[in-house]
>>> print(open('coords.txt').read())   # compact mmCIF, C-alpha atoms
# COMPACT_ATOMS: atom_id res chain seq x y z
CA MET A 15 37.57 14.93 -1.85
CA GLU A 16 35.06 13.57 0.66
CA THR A 17 34.28 9.86 0.60
CA ILE A 18 30.84 8.27 0.86
CA ILE A 19 31.68 7.36 4.47
CA ASP A 20 32.36 11.05 5.15
CA MET A 21 28.99 11.98 3.66
CA TYR A 22 27.17 9.39 5.76
CA GLY A 23 29.06 10.68 8.78
CA LYS A 24 27.67 14.17 8.17
CA LEU A 25 24.20 12.65 8.17
CA GLY A 26 24.79 10.90 11.50
CA VAL A 27 25.85 7.38 10.47
CA THR A 28 29.03 6.14 12.15
CA PRO A 29 31.62 4.12 10.18
CA ALA A 30 30.75 1.02 12.23
CA VAL A 31 27.07 1.16 11.27
CA TYR A 32 27.92 1.95 7.64
CA GLN A 33 30.31 -0.98 7.44
CA PHE A 34 27.71 -3.32 8.97
CA GLY A 35 25.31 -2.24 6.27
CA GLU A 36 27.85 -2.87 3.51
CA GLU A 37 28.47 -6.38 4.80
CA VAL A 38 24.76 -7.10 4.60
CA LEU A 39 24.47 -5.59 1.12
CA ALA A 40 27.18 -7.79 -0.33
CA SER A 41 24.84 -10.78 -0.45
CA LEU A 42 21.82 -8.92 -1.86
CA ARG A 43 22.99 -8.03 -5.37
CA PRO A 44 21.30 -10.99 -7.13
CA ARG A 45 17.95 -10.18 -5.49
CA PHE A 46 18.28 -6.54 -6.46
CA ASP A 47 18.93 -7.58 -10.07
CA ALA A 48 15.70 -9.60 -10.07
CA ILE A 49 13.77 -6.59 -8.72
CA ASP A 50 15.17 -4.45 -11.54
CA GLN A 51 14.00 -7.02 -14.11
CA ASN A 52 10.45 -6.87 -12.70
CA ALA A 53 10.58 -3.07 -12.79
CA GLU A 54 11.66 -3.17 -16.43
CA TYR A 55 8.69 -5.38 -17.33
CA ASN A 56 6.24 -3.19 -15.40
CA GLN A 57 7.71 -0.04 -16.92
CA ALA A 58 7.03 -1.45 -20.38
CA LYS A 59 3.48 -2.32 -19.30
CA VAL A 60 2.79 1.26 -18.20
CA ILE A 61 4.29 2.77 -21.35
CA ALA A 62 2.27 0.41 -23.53
CA ALA A 63 -0.96 1.49 -21.80
CA MET A 64 -0.08 5.17 -22.25
CA GLN A 65 0.79 4.72 -25.91
CA LYS A 66 -2.34 2.67 -26.62
CA ASN A 67 -4.48 5.51 -25.28
CA ARG A 68 -2.54 8.21 -27.17
CA VAL A 69 -1.60 10.27 -24.15
CA ASP A 70 -0.61 13.76 -25.31
CA ALA A 71 -0.03 17.26 -23.93
CA ALA A 72 -3.77 18.00 -24.01
CA CYS A 73 -4.19 15.43 -21.21
CA PHE A 74 -2.32 17.72 -18.80
CA ALA A 75 -4.69 20.69 -19.11
CA ALA A 76 -6.44 21.77 -15.91
CA THR A 77 -10.20 21.62 -15.52
CA THR A 78 -12.43 23.12 -12.85
CA GLY A 79 -16.07 23.09 -11.89
CA TYR A 80 -18.01 20.10 -13.15
CA GLY A 81 -15.13 18.81 -15.24
CA TYR A 82 -17.33 17.82 -18.16
CA GLY A 83 -15.35 16.46 -21.11
CA ASP A 84 -12.08 16.19 -19.15
CA VAL A 85 -9.92 14.35 -21.71
CA GLY A 86 -6.94 13.91 -19.39
CA ARG A 87 -9.04 12.44 -16.59
CA ASP A 88 -10.87 10.05 -18.90
CA LYS A 89 -7.68 8.86 -20.63
CA LEU A 90 -5.90 8.34 -17.31
CA GLU A 91 -8.70 6.00 -16.26
CA ARG A 92 -8.35 4.06 -19.49
CA VAL A 93 -4.58 3.86 -18.92
CA TYR A 94 -5.14 2.34 -15.45
CA ALA A 95 -7.75 -0.08 -16.81
CA ASP A 96 -5.45 -1.23 -19.61
CA CYS A 97 -2.40 -1.54 -17.39
CA PHE A 98 -4.28 -3.58 -14.76
CA HIS A 99 -6.30 -5.49 -17.40
CA THR A 100 -9.76 -4.48 -16.20
CA GLU A 101 -12.91 -3.33 -17.96
CA ALA A 102 -13.00 0.06 -16.26
CA ALA A 103 -11.26 2.29 -13.75
CA LEU A 104 -12.08 5.20 -11.46
CA VAL A 105 -8.97 7.31 -10.77
CA ARG A 106 -9.74 10.58 -9.02
CA PRO A 107 -8.12 13.22 -6.82
CA GLN A 108 -11.52 13.44 -5.10
CA ILE A 109 -10.75 10.06 -3.50
CA THR A 110 -8.84 11.24 -0.46
CA CYS A 111 -7.01 8.07 0.63
CA GLY A 112 -6.95 4.30 0.44
CA THR A 113 -9.54 3.91 3.19
CA HIS A 114 -11.84 6.29 1.31
CA ALA A 115 -11.41 4.27 -1.90
CA LEU A 116 -12.24 1.05 -0.06
CA ALA A 117 -15.25 2.66 1.63
CA ILE A 118 -16.55 3.80 -1.76
CA ALA A 119 -16.10 0.33 -3.28
CA LEU A 120 -17.81 -1.39 -0.35
CA GLY A 121 -20.62 1.12 0.06
CA ALA A 122 -21.37 1.15 -3.66
CA ASN A 123 -21.60 -2.61 -4.04
CA LEU A 124 -23.26 -3.66 -0.78
CA LEU A 125 -26.95 -3.10 -0.04
CA PRO A 126 -28.99 -3.48 3.15
CA GLY A 127 -29.33 -7.18 3.96
CA ASP A 128 -26.07 -8.11 2.22
CA GLU A 129 -23.14 -9.60 4.11
CA LEU A 130 -19.48 -8.67 3.74
CA LEU A 131 -17.00 -11.49 4.32
CA SER A 132 -13.31 -11.17 5.07
CA PRO A 133 -11.70 -14.56 4.41
CA VAL A 134 -8.29 -13.26 5.56
CA GLY A 135 -9.03 -12.35 9.16
CA ARG A 136 -9.47 -8.95 10.76
CA PRO A 137 -9.13 -6.02 8.33
CA TYR A 138 -6.81 -3.04 8.61
CA ASP A 139 -7.56 -0.75 11.57
CA THR A 140 -9.13 2.11 9.60
CA LEU A 141 -11.65 -0.23 7.96
CA GLU A 142 -13.07 -1.33 11.31
CA GLU A 143 -15.19 1.82 11.59
CA VAL A 144 -16.11 1.69 7.89
CA ILE A 145 -17.49 -1.81 8.42
CA GLY A 146 -18.88 -1.23 11.91
CA ILE A 147 -16.63 -3.61 13.84
CA ARG A 148 -16.01 -0.52 15.92
CA GLU A 149 -19.17 1.56 16.13
CA SER A 150 -19.18 4.61 13.88
CA THR A 151 -21.72 6.88 12.26
CA CYS A 152 -22.44 5.93 8.63
CA SER A 153 -20.76 2.52 8.92
CA LEU A 154 -21.91 -0.37 6.74
CA LYS A 155 -23.40 -1.92 9.86
CA GLU A 156 -25.58 1.16 10.40
CA TYR A 157 -26.94 0.72 6.86
CA GLY A 158 -27.87 -2.90 7.45
CA VAL A 159 -24.82 -4.67 6.00
CA SER A 160 -23.61 -7.51 8.19
CA TYR A 161 -20.03 -8.68 8.51
CA ALA A 162 -18.34 -12.04 8.93
CA GLN A 163 -14.71 -13.07 8.96
CA VAL A 164 -12.69 -16.23 8.78
CA ASP A 165 -9.35 -16.05 10.55
CA LEU A 166 -6.21 -17.35 8.95
CA LEU A 167 -4.80 -20.66 10.08
CA PRO A 168 -1.88 -20.56 12.55
CA ASP A 169 0.61 -20.85 9.68
CA GLY A 170 -0.87 -17.77 7.97
CA THR A 171 -2.66 -19.66 5.19
CA PHE A 172 -6.33 -19.56 4.23
CA ASP A 173 -8.85 -21.66 6.16
CA TYR A 174 -10.64 -22.97 3.08
CA GLU A 175 -13.08 -25.15 5.00
CA GLY A 176 -13.93 -22.27 7.31
CA ILE A 177 -14.49 -20.02 4.29
CA ARG A 178 -16.79 -22.58 2.70
CA LYS A 179 -18.91 -22.69 5.86
CA ALA A 180 -18.97 -18.90 6.19
CA ILE A 181 -20.37 -18.28 2.70
CA THR A 182 -24.16 -17.99 2.90
CA PRO A 183 -26.91 -16.79 0.53
CA ARG A 184 -26.41 -13.31 2.05
CA THR A 185 -22.69 -13.17 1.20
CA LYS A 186 -22.38 -10.47 -1.47
CA LEU A 187 -18.75 -9.36 -1.38
CA CYS A 188 -15.44 -10.76 -0.12
CA THR A 189 -12.75 -8.28 0.85
CA ILE A 190 -9.19 -9.55 0.57
CA GLN A 191 -6.41 -7.48 2.09
CA ARG A 192 -3.23 -8.17 0.17
CA SER A 193 -0.79 -6.51 2.53
CA LYS A 194 -0.28 -7.30 6.19
CA GLY A 195 -1.46 -3.95 7.58
CA TYR A 196 -0.66 -3.66 11.28
CA ALA A 197 -0.36 -7.42 11.68
CA THR A 198 2.71 -9.61 11.56
CA ARG A 199 1.24 -12.09 9.11
CA PRO A 200 2.59 -12.81 5.63
CA THR A 201 1.53 -10.65 2.72
CA PHE A 202 -0.30 -12.68 0.12
CA SER A 203 1.16 -13.21 -3.34
CA VAL A 204 -0.98 -12.51 -6.38
CA THR A 205 -1.00 -16.24 -7.06
CA GLN A 206 -2.31 -17.00 -3.57
CA ILE A 207 -5.01 -14.36 -3.96
CA GLY A 208 -5.96 -15.83 -7.33
CA GLU A 209 -6.33 -19.29 -5.79
CA LEU A 210 -8.53 -17.85 -3.03
CA ILE A 211 -10.72 -16.01 -5.54
CA ALA A 212 -11.09 -19.16 -7.67
CA PHE A 213 -12.15 -21.10 -4.56
CA ILE A 214 -14.75 -18.48 -3.60
CA LYS A 215 -16.10 -18.30 -7.16
CA SER A 216 -16.37 -22.10 -7.28
CA ILE A 217 -18.83 -21.91 -4.39
CA ARG A 218 -20.80 -18.90 -5.67
CA SER A 219 -19.73 -17.33 -8.94
CA ASP A 220 -21.75 -14.15 -8.27
CA ILE A 221 -19.78 -13.15 -5.15
CA ILE A 222 -17.82 -9.96 -5.77
CA CYS A 223 -14.14 -10.33 -4.85
CA MET A 224 -12.46 -7.04 -3.95
CA VAL A 225 -8.74 -6.81 -3.24
CA ASP A 226 -7.23 -4.07 -1.11
CA ASN A 227 -4.15 -3.69 -3.30
CA CYS A 228 -2.42 -1.00 -1.23
CA TYR A 229 1.39 -1.36 -1.07
CA GLY A 230 1.33 -4.17 -3.64
CA GLU A 231 1.13 -2.48 -7.04
CA PHE A 232 4.08 -3.26 -9.35
CA VAL A 233 5.82 -5.47 -6.80
CA GLU A 234 5.06 -8.44 -9.06
CA THR A 235 4.52 -8.51 -12.82
CA ILE A 236 0.84 -9.40 -12.40
CA GLU A 237 -1.93 -7.90 -10.27
CA PRO A 238 -4.95 -9.55 -8.59
CA SER A 239 -7.12 -8.28 -11.44
CA ASP A 240 -5.20 -10.65 -13.73
CA LEU A 241 -6.43 -13.59 -11.63
CA GLY A 242 -10.11 -12.93 -11.18
CA ALA A 243 -10.52 -9.98 -8.80
CA ASP A 244 -13.67 -8.01 -9.60
CA MET A 245 -12.13 -4.89 -8.08
CA ILE A 246 -8.66 -3.83 -7.01
CA VAL A 247 -8.45 -0.73 -4.87
CA GLY A 248 -5.59 1.50 -3.79
CA SER A 249 -4.18 4.91 -2.95
CA LEU A 250 -2.24 7.21 -5.26
CA ILE A 251 0.04 8.35 -2.42
CA LYS A 252 1.33 4.80 -2.26
CA ASN A 253 2.93 2.80 -5.09
CA PRO A 254 0.96 3.89 -8.20
CA GLY A 255 1.42 7.61 -7.55
CA GLY A 256 5.18 7.26 -7.89
CA GLY A 257 5.75 9.88 -5.19
CA LEU A 258 4.34 12.66 -7.39
CA ALA A 259 0.58 12.27 -6.96
CA PRO A 260 -0.39 14.69 -4.16
CA ILE A 261 -3.72 12.96 -3.44
CA GLY A 262 -6.08 10.43 -4.95
CA GLY A 263 -7.18 6.84 -5.15
CA TYR A 264 -8.18 4.27 -7.75
CA ILE A 265 -10.71 1.49 -8.21
CA CYS A 266 -10.14 -0.81 -11.19
CA GLY A 267 -12.48 -3.64 -12.06
CA THR A 268 -15.57 -4.77 -13.89
CA LYS A 269 -17.64 -2.05 -15.51
CA ALA A 270 -20.65 -2.94 -13.35
CA CYS A 271 -18.68 -2.53 -10.10
CA VAL A 272 -16.81 0.61 -11.20
CA ASP A 273 -20.00 2.30 -12.44
CA ARG A 274 -21.56 1.85 -9.01
CA CYS A 275 -18.40 3.25 -7.38
CA ALA A 276 -18.57 6.33 -9.61
CA TYR A 277 -22.20 6.90 -8.63
CA ARG A 278 -21.28 6.58 -4.96
CA LEU A 279 -18.34 8.99 -5.31
CA SER A 280 -20.35 11.68 -7.12
CA ALA A 281 -24.11 11.10 -7.37
CA PRO A 282 -26.56 8.72 -9.03
CA GLY A 283 -26.94 9.69 -12.67
CA LEU A 284 -23.68 11.67 -12.72
CA GLY A 285 -21.03 9.02 -12.15
CA GLN A 286 -17.75 9.50 -14.00
CA GLU A 287 -18.99 12.46 -16.06
CA VAL A 288 -18.19 14.95 -13.29
CA GLY A 289 -15.05 15.63 -11.29
CA ALA A 290 -12.53 18.26 -12.34
CA ASN A 291 -8.83 17.40 -12.31
CA LEU A 292 -7.83 20.76 -10.72
CA GLY A 293 -4.50 20.82 -12.56
CA LEU A 294 -3.18 17.55 -11.14
CA MET A 295 -3.02 15.51 -14.33
CA THR A 296 0.70 15.95 -15.01
CA SER A 297 1.53 14.66 -11.53
CA LEU A 298 -0.88 11.73 -11.80
CA TYR A 299 0.38 10.66 -15.22
CA GLN A 300 4.06 11.15 -14.46
CA GLY A 301 3.71 9.49 -11.07
CA PHE A 302 2.15 6.41 -12.67
CA PHE A 303 4.95 6.40 -15.24
CA LEU A 304 7.59 6.42 -12.48
CA ALA A 305 5.76 3.97 -10.22
CA PRO A 306 7.53 0.76 -11.31
CA THR A 307 10.98 2.25 -10.69
CA VAL A 308 10.01 3.91 -7.41
CA THR A 309 8.41 0.69 -6.17
CA ALA A 310 11.60 -1.20 -7.03
CA GLY A 311 13.65 1.16 -4.86
CA ALA A 312 11.24 0.71 -1.97
CA LEU A 313 11.45 -3.08 -2.34
CA LYS A 314 15.22 -2.98 -2.13
CA GLY A 315 14.96 -0.94 1.05
CA ALA A 316 12.55 -3.47 2.58
CA ILE A 317 14.87 -6.38 1.81
CA PHE A 318 17.85 -4.47 3.19
CA ALA A 319 15.92 -3.74 6.40
CA ALA A 320 14.93 -7.39 6.81
CA ASN A 321 18.51 -8.57 6.43
CA ILE A 322 19.90 -5.90 8.77
CA TYR A 323 17.48 -6.57 11.61
CA GLU A 324 17.26 -10.33 11.27
CA ARG A 325 21.03 -10.52 11.56
CA LEU A 326 20.72 -8.58 14.83
CA GLY A 327 18.24 -11.13 16.23
CA PHE A 328 14.92 -9.37 15.66
CA LYS A 329 11.92 -11.12 14.16
CA VAL A 330 11.14 -9.66 10.75
CA VAL A 331 8.14 -10.27 8.48
CA PRO A 332 8.83 -11.18 5.73
CA ASN A 333 12.11 -12.75 6.78
CA SER A 334 15.40 -12.02 5.05
CA THR A 335 14.99 -14.62 2.30
CA GLU A 336 11.23 -14.79 1.59
CA SER A 337 9.76 -13.59 -1.69
CA ARG A 338 8.16 -10.14 -1.63
CA HIS A 339 4.57 -9.23 -2.41
CA ASP A 340 4.37 -5.70 -1.00
CA ILE A 341 6.78 -2.93 0.02
CA ILE A 342 6.19 -3.19 3.79
CA GLN A 343 8.77 -4.59 6.16
CA ALA A 344 7.66 -5.39 9.70
CA VAL A 345 10.27 -5.51 12.46
CA GLU A 346 9.25 -6.68 15.94
CA LEU A 347 11.28 -4.44 18.23
CA GLY A 348 9.88 -5.58 21.57
CA SER A 349 9.39 -2.22 23.29
CA GLU A 350 7.95 1.26 22.87
CA ALA A 351 11.40 2.76 23.43
CA ALA A 352 12.84 0.76 20.54
CA MET A 353 9.97 1.86 18.28
CA ILE A 354 10.62 5.50 19.14
CA ALA A 355 14.35 5.09 18.45
CA PHE A 356 13.76 3.34 15.12
CA CYS A 357 11.24 5.92 13.95
CA GLY A 358 13.54 8.71 15.10
CA GLY A 359 16.20 7.40 12.73
CA ILE A 360 13.78 7.26 9.80
CA GLN A 361 12.68 10.83 10.50
CA ALA A 362 16.30 11.99 10.75
CA ALA A 363 16.92 10.67 7.23
CA ALA A 364 14.10 12.73 5.73
CA PRO A 365 14.64 15.70 3.39
CA VAL A 366 11.63 17.39 5.03
CA ASP A 367 11.15 17.83 8.80
CA SER A 368 14.33 15.90 9.59
CA TYR A 369 14.64 17.81 12.89
CA VAL A 370 11.27 16.57 14.21
CA THR A 371 11.09 13.83 16.86
CA PRO A 372 8.22 11.39 16.19
CA LEU A 373 6.26 10.33 19.27
CA PRO A 374 3.16 8.15 19.77
CA TRP A 375 -0.18 9.96 19.50
CA ASP A 376 -3.92 9.37 19.21
CA MET A 377 -4.65 9.11 15.50
CA PRO A 378 -8.17 9.15 14.00
CA GLY A 379 -9.34 5.68 12.96
CA TYR A 380 -6.93 3.74 15.19
CA GLU A 381 -7.67 1.99 18.47
CA ASN A 382 -4.14 2.32 19.90
CA GLN A 383 -1.72 5.20 19.90
CA VAL A 384 0.36 5.20 16.72
CA ILE A 385 3.88 6.46 16.06
CA MET A 386 4.62 7.71 12.57
CA ALA A 387 7.86 8.89 11.03
CA ALA A 388 7.51 10.53 7.63
CA GLY A 389 9.38 13.57 6.45
CA ALA A 390 7.66 13.54 3.10
CA PHE A 391 7.09 15.97 0.24
CA ILE A 392 3.49 14.70 0.14
CA SER A 393 1.92 14.57 3.59
CA GLY A 394 1.25 10.97 4.61
CA SER A 395 2.75 9.50 1.44
CA SER A 396 3.58 5.87 2.20
CA ILE A 397 5.69 5.44 -0.94
CA GLU A 398 8.08 8.00 0.51
CA LEU A 399 10.43 6.89 3.28
CA SER A 400 8.32 6.25 6.35
CA ALA A 401 7.83 4.00 9.34
CA ASP A 402 4.90 3.61 11.68
CA GLY A 403 3.13 1.24 14.01
CA PRO A 404 0.60 0.97 16.83
CA ILE A 405 1.95 1.01 20.36
CA ARG A 406 0.95 -2.50 21.35
CA PRO A 407 2.72 -5.87 21.62
CA PRO A 408 4.80 -7.14 19.88
CA TYR A 409 5.80 -3.50 19.32
CA ALA A 410 6.30 -3.98 15.61
CA VAL A 411 7.29 -1.10 13.40
CA TYR A 412 6.29 -1.12 9.74
CA PHE A 413 8.90 0.35 7.43
CA GLN A 414 8.09 1.24 3.83
CA GLY A 415 8.91 3.48 0.95
CA GLY A 416 11.81 5.55 -0.25
CA LEU A 417 11.52 7.33 -3.59
CA THR A 418 15.03 6.08 -4.29
CA TRP A 419 16.88 3.02 -3.05
CA GLN A 420 19.67 5.28 -1.79
CA HIS A 421 17.27 7.16 0.45
CA ALA A 422 15.78 3.94 1.80
CA LYS A 423 19.30 2.73 2.60
CA LEU A 424 20.10 5.90 4.54
CA GLY A 425 16.86 5.59 6.51
CA ILE A 426 17.60 2.02 7.57
CA LEU A 427 21.17 2.87 8.58
CA LEU A 428 19.98 5.81 10.67
CA SER A 429 17.28 3.69 12.32
CA LEU A 430 20.01 1.25 13.32
CA GLN A 431 22.23 4.10 14.47
CA ARG A 432 19.53 5.38 16.83
CA LEU A 433 19.07 1.91 18.32
CA VAL A 434 22.84 1.61 18.80
CA ASP A 435 23.04 5.06 20.38
CA ALA A 436 20.20 4.15 22.77
CA GLY A 437 22.03 1.02 23.86
CA ILE A 438 19.24 -1.21 22.55
CA VAL A 439 21.44 -2.83 19.89
CA LYS A 440 25.11 -3.78 19.94
CA LEU A 441 26.98 -4.47 16.70
>>> encode(input="coords.txt", output="structure tokens")
Amino acid sequence: METIIDMYGKLGVTPAVYQFGEEVLASLRPRFDAIDQNAEYNQAKVIAAMQKNRVDAACFAATTGYGYGDVGRDKLERVYADCFHTEAALVRPQITCGTHALAIALGANLLPGDELLSPVGRPYDTLEEVIGIRESTCSLKEYGVSYAQVDLLPDGTFDYEGIRKAITPRTKLCTIQRSKGYATRPTFSVTQIGELIAFIKSIRSDIICMVDNCYGEFVETIEPSDLGADMIVGSLIKNPGGGLAPIGGYICGTKACVDRCAYRLSAPGLGQEVGANLGLMTSLYQGFFLAPTVTAGALKGAIFAANIYERLGFKVVPNSTESRHDIIQAVELGSEAAMIAFCGGIQAAAPVDSYVTPLPWDMPGYENQVIMAAGAFISGSSIELSADGPIRPPYAVYFQGGLTWQHAKLGILLSLQRLVDAGIVKL
């Protein structure tokens, strides 16, 4: 009978790399147990929301056309709202991605003459054109919305005095990016975000606080909406889709904010009444049901990656012992060649397109070339095993996902194997 080492060997992992991984894993069991406890709590939270709203087989029926009276769609939105403790939710396959969801939330709640403030520094690359930091047709800037930002302090914390000075009578909405994006700064905990929101509200209680919650859902037992966020926004092909949602995004928050988002997504006067589910309800419900467990597996993979690469002398963010607030693990590899090798290993671990070699390319919405490895069942799904990063110093690659912990483990071992084979790393 073949051993597990034999099976890894068939997949391209040498015994030396496998053994190195096992040595690292030996110290991680207590942290993995804590992750499982969080997942158990979050699983109960999701089930409670589904039971409260009496989810039944009728919710999975397909609708087309206008989608009037879509019971499954309407209940799913109530499930999200109850799970994230908000007044309302907009959960739609018509929202194409996280950037689209954020653009809807911003465009719906900002009017000409208003100012958008980012108190956490420069936003994620794809939002730059939405805002108008980089010129683009139909940006907020083009519609008369101004933008201001307050950079983080050198230690990665909030510049509260700078934020106080930046808030003016024109400040209408603060956008808070929970995850690091393509930056090697810490991801913010829900508690930190709550403290920032409380500070902003103490200056002007009417300022809308929106949190880009991508990559953070179900990592902790609370969400930013539990600590004062007026909106939390995310993508269904990340954590909350559980790897089953083929498309979609969500906006959860106050009824006033969500109503405006629904009007922006469809049309004034129509709002949430229209929007057929096109037969996707089973995947959206079941994906949300699985999300806590899937997120837990991705978290274990991120911690494993941090411990592997930190032991080899690479800078990792978060480091090997820090608490986790999203599923992303940044590894500063120091060169384009190392990024290509790392991503090649992730791609080689994929069940889909494992034979493809990822290379840097010009990607819409990004200023630099980007390399992406993702052999996913859902194209672009960041909750599935993937790694990507812009080709610019410090040549950091951002690893995330894995529908199972076992798959995440294989991906990390193969990324290390490729670096060893290229002579970049020596064990």
>>> residues_around(input="coords.txt", residues="segment 357-368 of chain A", least_positions_apart="2", cutoff="8 Å", atoms="only C-alpha atoms", output="list in words")
Leu25, Met353, Ile354, Ala355, Val370, Thr371, Pro372, Ile385, Met386, Ala387, Ala388, Gly389, Ala390, Phe391, Leu399, Ser400, Ala401, Asp402, His421, Leu424, Gly425, Ile426, Leu427, Leu428, Ser429, Leu430, Gln431 and Arg432 of chain A
>>> write_last_selection(input="coords.txt", atoms="C-alpha atoms", output="PDB file, in the coordinates of the input")
ATOM      1  CA  LEU A  25      24.200  12.650   8.170  1.00  0.00           C
ATOM      2  CA  MET A 353       9.970   1.860  18.280  1.00  0.00           C
ATOM      3  CA  ILE A 354      10.620   5.500  19.140  1.00  0.00           C
ATOM      4  CA  ALA A 355      14.350   5.090  18.450  1.00  0.00           C
ATOM      5  CA  VAL A 370      11.270  16.570  14.210  1.00  0.00           C
ATOM      6  CA  THR A 371      11.090  13.830  16.860  1.00  0.00           C
ATOM      7  CA  PRO A 372       8.220  11.390  16.190  1.00  0.00           C
ATOM      8  CA  ILE A 385       3.880   6.460  16.060  1.00  0.00           C
ATOM      9  CA  MET A 386       4.620   7.710  12.570  1.00  0.00           C
ATOM     10  CA  ALA A 387       7.860   8.890  11.030  1.00  0.00           C
ATOM     11  CA  ALA A 388       7.510  10.530   7.630  1.00  0.00           C
ATOM     12  CA  GLY A 389       9.380  13.570   6.450  1.00  0.00           C
ATOM     13  CA  ALA A 390       7.660  13.540   3.100  1.00  0.00           C
ATOM     14  CA  PHE A 391       7.090  15.970   0.240  1.00  0.00           C
ATOM     15  CA  LEU A 399      10.430   6.890   3.280  1.00  0.00           C
ATOM     16  CA  SER A 400       8.320   6.250   6.350  1.00  0.00           C
ATOM     17  CA  ALA A 401       7.830   4.000   9.340  1.00  0.00           C
ATOM     18  CA  ASP A 402       4.900   3.610  11.680  1.00  0.00           C
ATOM     19  CA  HIS A 421      17.270   7.160   0.450  1.00  0.00           C
ATOM     20  CA  LEU A 424      20.100   5.900   4.540  1.00  0.00           C
ATOM     21  CA  GLY A 425      16.860   5.590   6.510  1.00  0.00           C
ATOM     22  CA  ILE A 426      17.600   2.020   7.570  1.00  0.00           C
ATOM     23  CA  LEU A 427      21.170   2.870   8.580  1.00  0.00           C
ATOM     24  CA  LEU A 428      19.980   5.810  10.670  1.00  0.00           C
ATOM     25  CA  SER A 429      17.280   3.690  12.320  1.00  0.00           C
ATOM     26  CA  LEU A 430      20.010   1.250  13.320  1.00  0.00           C
ATOM     27  CA  GLN A 431      22.230   4.100  14.470  1.00  0.00           C
ATOM     28  CA  ARG A 432      19.530   5.380  16.830  1.00  0.00           C
TER      29      ARG A 432
END
>>> residues_near_point(input="coords.txt", point="(13.4, -9.1, 5.0)", cutoff="12 Å", atoms="all atoms listed in the file", output="PDB file with C-alpha atoms, in the coordinates of the input")
ATOM      1  CA  VAL A  38      24.760  -7.100   4.600  1.00  0.00           C
ATOM      2  CA  LEU A  42      21.820  -8.920  -1.860  1.00  0.00           C
ATOM      3  CA  ARG A  45      17.950 -10.180  -5.490  1.00  0.00           C
ATOM      4  CA  PRO A 200       2.590 -12.810   5.630  1.00  0.00           C
ATOM      5  CA  LEU A 313      11.450  -3.080  -2.340  1.00  0.00           C
ATOM      6  CA  LYS A 314      15.220  -2.980  -2.130  1.00  0.00           C
ATOM      7  CA  GLY A 315      14.960  -0.940   1.050  1.00  0.00           C
ATOM      8  CA  ALA A 316      12.550  -3.470   2.580  1.00  0.00           C
ATOM      9  CA  ILE A 317      14.870  -6.380   1.810  1.00  0.00           C
ATOM     10  CA  PHE A 318      17.850  -4.470   3.190  1.00  0.00           C
ATOM     11  CA  ALA A 319      15.920  -3.740   6.400  1.00  0.00           C
ATOM     12  CA  ALA A 320      14.930  -7.390   6.810  1.00  0.00           C
ATOM     13  CA  ASN A 321      18.510  -8.570   6.430  1.00  0.00           C
ATOM     14  CA  ILE A 322      19.900  -5.900   8.770  1.00  0.00           C
ATOM     15  CA  TYR A 323      17.480  -6.570  11.610  1.00  0.00           C
ATOM     16  CA  GLU A 324      17.260 -10.330  11.270  1.00  0.00           C
ATOM     17  CA  ARG A 325      21.030 -10.520  11.560  1.00  0.00           C
ATOM     18  CA  PHE A 328      14.920  -9.370  15.660  1.00  0.00           C
ATOM     19  CA  LYS A 329      11.920 -11.120  14.160  1.00  0.00           C
ATOM     20  CA  VAL A 330      11.140  -9.660  10.750  1.00  0.00           C
ATOM     21  CA  VAL A 331       8.140 -10.270   8.480  1.00  0.00           C
ATOM     22  CA  PRO A 332       8.830 -11.180   5.730  1.00  0.00           C
ATOM     23  CA  ASN A 333      12.110 -12.750   6.780  1.00  0.00           C
ATOM     24  CA  SER A 334      15.400 -12.020   5.050  1.00  0.00           C
ATOM     25  CA  THR A 335      14.990 -14.620   2.300  1.00  0.00           C
ATOM     26  CA  GLU A 336      11.230 -14.790   1.590  1.00  0.00           C
ATOM     27  CA  SER A 337       9.760 -13.590  -1.690  1.00  0.00           C
ATOM     28  CA  ARG A 338       8.160 -10.140  -1.630  1.00  0.00           C
ATOM     29  CA  HIS A 339       4.570  -9.230  -2.410  1.00  0.00           C
ATOM     30  CA  ASP A 340       4.370  -5.700  -1.000  1.00  0.00           C
ATOM     31  CA  ILE A 341       6.780  -2.930   0.020  1.00  0.00           C
ATOM     32  CA  ILE A 342       6.190  -3.190   3.790  1.00  0.00           C
ATOM     33  CA  GLN A 343       8.770  -4.590   6.160  1.00  0.00           C
ATOM     34  CA  ALA A 344       7.660  -5.390   9.700  1.00  0.00           C
ATOM     35  CA  VAL A 345      10.270  -5.510  12.460  1.00  0.00           C
ATOM     36  CA  GLU A 346       9.250  -6.680  15.940  1.00  0.00           C
ATOM     37  CA  TYR A 412       6.290  -1.120   9.740  1.00  0.00           C
ATOM     38  CA  PHE A 413       8.900   0.350   7.430  1.00  0.00           C
ATOM     39  CA  GLN A 414       8.090   1.240   3.830  1.00  0.00           C
TER      40      GLN A 414
END
>>> residues_near_point(input="coords.txt", point="(-5.9, 22.0, -16.6)", cutoff="9 Å", atoms="all atoms listed in the file", output="PyMOL selection string")
chain A and resi 72-78+84+86+290-295
>>> write_last_selection(input="coords.txt", atoms="C-alpha atoms", output="compact mmCIF listing (two decimals), keeping the file's coordinate frame")
# COMPACT_ATOMS: atom_id res chain seq x y z
CA ALA A 72 -3.77 18.00 -24.01
CA CYS A 73 -4.19 15.43 -21.21
CA PHE A 74 -2.32 17.72 -18.80
CA ALA A 75 -4.69 20.69 -19.11
CA ALA A 76 -6.44 21.77 -15.91
CA THR A 77 -10.20 21.62 -15.52
CA THR A 78 -12.43 23.12 -12.85
CA ASP A 84 -12.08 16.19 -19.15
CA GLY A 86 -6.94 13.91 -19.39
CA ALA A 290 -12.53 18.26 -12.34
CA ASN A 291 -8.83 17.40 -12.31
CA LEU A 292 -7.83 20.76 -10.72
CA GLY A 293 -4.50 20.82 -12.56
CA LEU A 294 -3.18 17.55 -11.14
CA MET A 295 -3.02 15.51 -14.33
